[in-house]
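Remarks on the structure that follows.
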Amino acid sequence: MLVLAVDTATPAVTSGVVRLDRGRDNSLPEVVSARVTDNPRAHAEVLTPQILECLAEAGAEPSDLDAIVVGVGPGPFTGLRVGMATAAAFGDALGIPVHGVCTLDAIAADVRRLHGVDGDLLVVTDARRREVYWSRYSGDRRVEGPEVRKPADVSAEPSARVAGSPSHVTLFDLPVVDVCTPSPAGLVSVAADALCSGAEPAPLVPLYLRRPDAVETASRRA
């Protein structure tokens with residue numbers, strides 16, 4: 001099956017076309033084409049052209065897609081909704097399922113897939129306001145989070161390694177695994193069981209974890 005993977009929950013705009021063998025147990029995602037643009041202010045301008053470039057490079061039409069996987073955060077309000085709205089629009093237009101996955105889970109999956117790290121892991125991404133989004137993993141299971149806190153309020157223990165935002169991983173006294181953002185393969189691997197089984201996707205629910213920065217003036221006064 002051919003899957004479109006999208007994530008805009010981090011400063012990077014990530015998209016890719018991934019092939020997944022529905023008939024094989026433990027099938028590994030094969031990236032056919034991918035684009036990653038590190039520009040936190042251009043999610044809306046960059047994402048759709050990237051998707052079309054990935055499809056062209058893969059020699060595929062939108063109608064060839066079987067499913068879509070999108071990162072649902074946690075992430076800042078404006079960037080996150082771009083990816084989710086785009087994925088939902090493609091899914092609706094093509095009549096194919098859209099599976100939402102936690103962006104931090106996809107980063108953790110990439111750590112295991114690319115580096116063979118299977119122990120206790122902390123994943124942190126930039127939440128702005130001098131805070132981080134974080135989750136903790138043991139093997140392939142998320143055991144804490146996702147939450148948003150100040151880095152000083154997130155304990156490094158019992159994690160053995162940390163991955164995620166380059167400007168925040170150094171705030172923890174842990175060995176750093178060089179995975180900063182989710183890859184298309186990481187996103188698809190989190191949803192692989194649901195994709196291969198043909199399970200109905202759950203409704204897309206963004207993990208904002210807090211109210212958006214922009215509020216109406218009346219709300220500010222209230």
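Numbering starts fresh at 1 for the residues of each chain in the structure tokens, the chains themselves are lettered A, B, ... in the order given, and ligands are numbered from 1 as they appear.
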
In stretch 80-197 of chain A, what's alpha helix (DSSP H) per DSSP? Answer as a ChimeraX atom specification?
-> /A:80-94,103-115,166-169,184-190,192-197

Keeping N, CA and C atoms, export the residues of the selection given above as a CSV table (one decimal), in the first residue's frame.
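Resulting contents of selection02.csv:
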chain,number,residue,atom,x,y,z
A,80,LEU,N,0.6,23.2,13.6
A,80,LEU,CA,-0.1,21.9,13.7
A,80,LEU,C,-1.3,21.8,12.9
A,81,ARG,N,-2.2,22.9,12.9
A,81,ARG,CA,-3.4,22.8,12.2
A,81,ARG,C,-3.2,22.8,10.7
A,82,VAL,N,-2.1,23.3,10.2
A,82,VAL,CA,-1.8,23.3,8.8
A,82,VAL,C,-1.7,21.8,8.3
A,83,GLY,N,-0.9,21.1,9.0
A,83,GLY,CA,-0.7,19.7,8.6
A,83,GLY,C,-2.0,18.8,8.7
A,84,MET,N,-2.7,19.0,9.8
A,84,MET,CA,-3.9,18.2,10.0
A,84,MET,C,-5.0,18.6,9.0
A,85,ALA,N,-5.2,19.9,8.8
A,85,ALA,CA,-6.2,20.3,7.8
A,85,ALA,C,-5.9,19.8,6.4
A,86,THR,N,-4.6,19.9,6.1
A,86,THR,CA,-4.2,19.4,4.7
A,86,THR,C,-4.4,17.9,4.6
A,87,ALA,N,-4.0,17.2,5.6
A,87,ALA,CA,-4.2,15.7,5.5
A,87,ALA,C,-5.7,15.4,5.5
A,88,ALA,N,-6.5,16.1,6.3
A,88,ALA,CA,-7.9,15.8,6.3
A,88,ALA,C,-8.5,16.1,4.9
A,89,ALA,N,-8.1,17.2,4.3
A,89,ALA,CA,-8.6,17.6,3.0
A,89,ALA,C,-8.2,16.6,1.9
A,90,PHE,N,-7.0,16.2,1.9
A,90,PHE,CA,-6.6,15.1,0.9
A,90,PHE,C,-7.4,13.9,1.1
A,91,GLY,N,-7.5,13.4,2.4
A,91,GLY,CA,-8.3,12.2,2.7
A,91,GLY,C,-9.7,12.3,2.3
A,92,ASP,N,-10.3,13.4,2.5
A,92,ASP,CA,-11.7,13.6,2.1
A,92,ASP,C,-11.9,13.6,0.6
A,93,ALA,N,-11.0,14.3,-0.1
A,93,ALA,CA,-11.1,14.4,-1.5
A,93,ALA,C,-10.8,13.1,-2.2
A,94,LEU,N,-9.9,12.3,-1.6
A,94,LEU,CA,-9.6,11.0,-2.2
A,94,LEU,C,-10.4,9.8,-1.7
A,103,THR,N,3.3,12.9,17.3
A,103,THR,CA,4.6,13.3,16.7
A,103,THR,C,5.7,12.7,17.6
A,104,LEU,N,5.6,12.8,18.9
A,104,LEU,CA,6.7,12.3,19.7
A,104,LEU,C,6.9,10.8,19.6
A,105,ASP,N,5.8,10.1,19.4
A,105,ASP,CA,5.9,8.6,19.2
A,105,ASP,C,6.6,8.3,17.9
A,106,ALA,N,6.4,9.2,16.9
A,106,ALA,CA,7.2,9.0,15.6
A,106,ALA,C,8.6,9.2,15.8
A,107,ILE,N,9.0,10.2,16.6
A,107,ILE,CA,10.4,10.4,16.8
A,107,ILE,C,11.0,9.3,17.6
A,108,ALA,N,10.3,8.8,18.6
A,108,ALA,CA,10.8,7.6,19.3
A,108,ALA,C,10.9,6.4,18.4
A,109,ALA,N,10.0,6.2,17.5
A,109,ALA,CA,10.1,5.1,16.5
A,109,ALA,C,11.3,5.2,15.6
A,110,ASP,N,11.6,6.5,15.2
A,110,ASP,CA,12.8,6.7,14.4
A,110,ASP,C,14.1,6.3,15.2
A,111,VAL,N,14.1,6.7,16.5
A,111,VAL,CA,15.3,6.3,17.3
A,111,VAL,C,15.5,4.8,17.3
A,112,ARG,N,14.4,4.1,17.5
A,112,ARG,CA,14.5,2.6,17.5
A,112,ARG,C,14.9,2.1,16.1
A,113,ARG,N,14.3,2.7,15.1
A,113,ARG,CA,14.5,2.2,13.7
A,113,ARG,C,15.9,2.5,13.2
A,114,LEU,N,16.3,3.7,13.4
A,114,LEU,CA,17.6,4.2,12.8
A,114,LEU,C,18.8,3.9,13.7
A,115,HIS,N,18.6,3.8,15.0
A,115,HIS,CA,19.8,3.7,15.9
A,115,HIS,C,19.7,2.4,16.7
A,166,PRO,N,17.1,20.1,18.9
A,166,PRO,CA,18.5,20.2,19.2
A,166,PRO,C,18.8,21.3,20.3
A,167,SER,N,18.0,22.3,20.4
A,167,SER,CA,18.2,23.4,21.3
A,167,SER,C,17.7,23.0,22.7
A,168,HIS,N,17.0,21.9,22.9
A,168,HIS,CA,16.5,21.5,24.2
A,168,HIS,C,17.0,20.2,24.7
A,169,VAL,N,17.5,19.3,23.9
A,169,VAL,CA,18.0,18.0,24.4
A,169,VAL,C,19.2,18.3,25.2
A,184,PRO,N,9.0,10.5,7.6
A,184,PRO,CA,7.8,9.8,7.0
A,184,PRO,C,7.7,8.4,7.4
A,185,ALA,N,8.9,7.7,7.5
A,185,ALA,CA,8.9,6.3,7.9
A,185,ALA,C,8.5,6.1,9.3
A,186,GLY,N,9.0,7.1,10.2
A,186,GLY,CA,8.6,7.0,11.6
A,186,GLY,C,7.2,7.2,11.8
A,187,LEU,N,6.6,8.2,11.1
A,187,LEU,CA,5.1,8.4,11.2
A,187,LEU,C,4.3,7.2,10.8
A,188,VAL,N,4.7,6.6,9.7
A,188,VAL,CA,3.9,5.4,9.2
A,188,VAL,C,4.1,4.2,10.1
A,189,SER,N,5.3,4.0,10.7
A,189,SER,CA,5.6,2.9,11.5
A,189,SER,C,4.7,2.9,12.8
A,190,VAL,N,4.4,4.1,13.3
A,190,VAL,CA,3.5,4.2,14.4
A,190,VAL,C,2.1,3.7,14.1
A,192,ALA,N,1.4,1.6,11.6
A,192,ALA,CA,1.5,0.4,10.7
A,192,ALA,C,0.5,-0.7,11.0
A,193,ASP,N,0.3,-1.0,12.3
A,193,ASP,CA,-0.6,-2.1,12.6
A,193,ASP,C,-2.0,-1.7,12.2
A,194,ALA,N,-2.4,-0.5,12.4
A,194,ALA,CA,-3.8,-0.1,12.0
A,194,ALA,C,-3.9,-0.1,10.5
A,195,LEU,N,-2.8,0.4,9.8
A,195,LEU,CA,-2.9,0.4,8.3
A,195,LEU,C,-3.0,-1.0,7.7
A,196,CYS,N,-2.1,-1.9,8.2
A,196,CYS,CA,-2.1,-3.2,7.7
A,196,CYS,C,-3.4,-4.0,8.0
A,197,SER,N,-4.0,-3.7,9.1
A,197,SER,CA,-5.2,-4.5,9.5
A,197,SER,C,-6.5,-3.9,8.9

Each stretch 151-213 of chain A residue no farther than 12 Å from stretch 37-50 of chain A, nearest pair in Å, only C-alpha atoms, as JSON lines:
{"residue": "A:Ser165", "atom": "CA", "partner": "A:Asp38", "partner_atom": "CA", "distance": 12.0}
{"residue": "A:Cys180", "atom": "CA", "partner": "A:Asp38", "partner_atom": "CA", "distance": 10.9}
{"residue": "A:Thr181", "atom": "CA", "partner": "A:Asp38", "partner_atom": "CA", "distance": 9.8}
{"residue": "A:Ser183", "atom": "CA", "partner": "A:Thr37", "partner_atom": "CA", "distance": 11.7}

Spatial neighbours of A:Leu65, 12 Å, only C-alpha atoms, chain gap at least 5 places, as number ranges by chain | A: 1-5, 16-20, 51, 54-55, 58-60, 90-91, 93-98

Go ahead and dump the residues you just picked, C-alpha atoms, as an mmCIF file, in the first residue's frame.
data_model
loop_
_atom_site.group_PDB
_atom_site.id
_atom_site.type_symbol
_atom_site.label_atom_id
_atom_site.label_comp_id
_atom_site.auth_asym_id
_atom_site.auth_seq_id
_atom_site.Cartn_x
_atom_site.Cartn_y
_atom_site.Cartn_z
ATOM 1 C CA MET A 1 0.000 0.000 0.000
ATOM 2 C CA LEU A 2 1.095 3.567 -0.690
ATOM 3 C CA VAL A 3 0.844 6.005 2.225
ATOM 4 C CA LEU A 4 1.267 9.773 2.365
ATOM 5 C CA ALA A 5 2.936 10.909 5.616
ATOM 6 C CA GLY A 16 6.750 11.782 2.167
ATOM 7 C CA VAL A 17 5.355 8.867 0.213
ATOM 8 C CA VAL A 18 5.914 5.547 1.966
ATOM 9 C CA ARG A 19 5.287 1.995 0.786
ATOM 10 C CA LEU A 20 4.032 -0.530 3.351
ATOM 11 C CA ILE A 51 3.402 16.751 -1.112
ATOM 12 C CA CYS A 54 6.899 13.752 -3.328
ATOM 13 C CA LEU A 55 4.125 12.255 -5.428
ATOM 14 C CA ALA A 58 7.410 8.601 -6.558
ATOM 15 C CA GLY A 59 5.787 8.461 -9.997
ATOM 16 C CA ALA A 60 2.382 8.442 -8.333
ATOM 17 C CA PHE A 90 -6.581 15.143 0.925
ATOM 18 C CA GLY A 91 -8.253 12.221 2.685
ATOM 19 C CA ALA A 93 -11.078 14.420 -1.541
ATOM 20 C CA LEU A 94 -9.588 10.979 -2.228
ATOM 21 C CA GLY A 95 -11.954 8.987 -0.015
ATOM 22 C CA ILE A 96 -9.109 7.321 1.900
ATOM 23 C CA PRO A 97 -8.501 6.906 5.659
ATOM 24 C CA VAL A 98 -6.430 9.447 7.602
#

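Nearest residue to A:Glu53 among A:Val70, A:Arg22, A:Ser159, A:Ser15 is A:Ser15, counting only C-alpha atoms.
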
What is the atom CA of A:Asp7-atom CA of A:Ala34 distance in Å, reported with one decimal?
-> 11.7 Å

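Atom CA of A:Asp140 to atom CA of A:Asp178 spans 17.8 Å [interatomic distance, one decimal].
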
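Separating atom CA of A:Arg141 from atom CA of A:Arg128 is a distance of 26.2 Å.
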
Quick one: everything within 7 Å of A:Thr10, counting only C-alpha atoms, minus sequence neighbours fewer than 2 positions away in the same chain. Send it as number ranges by chain.
-> A: 8, 12, 75, 181
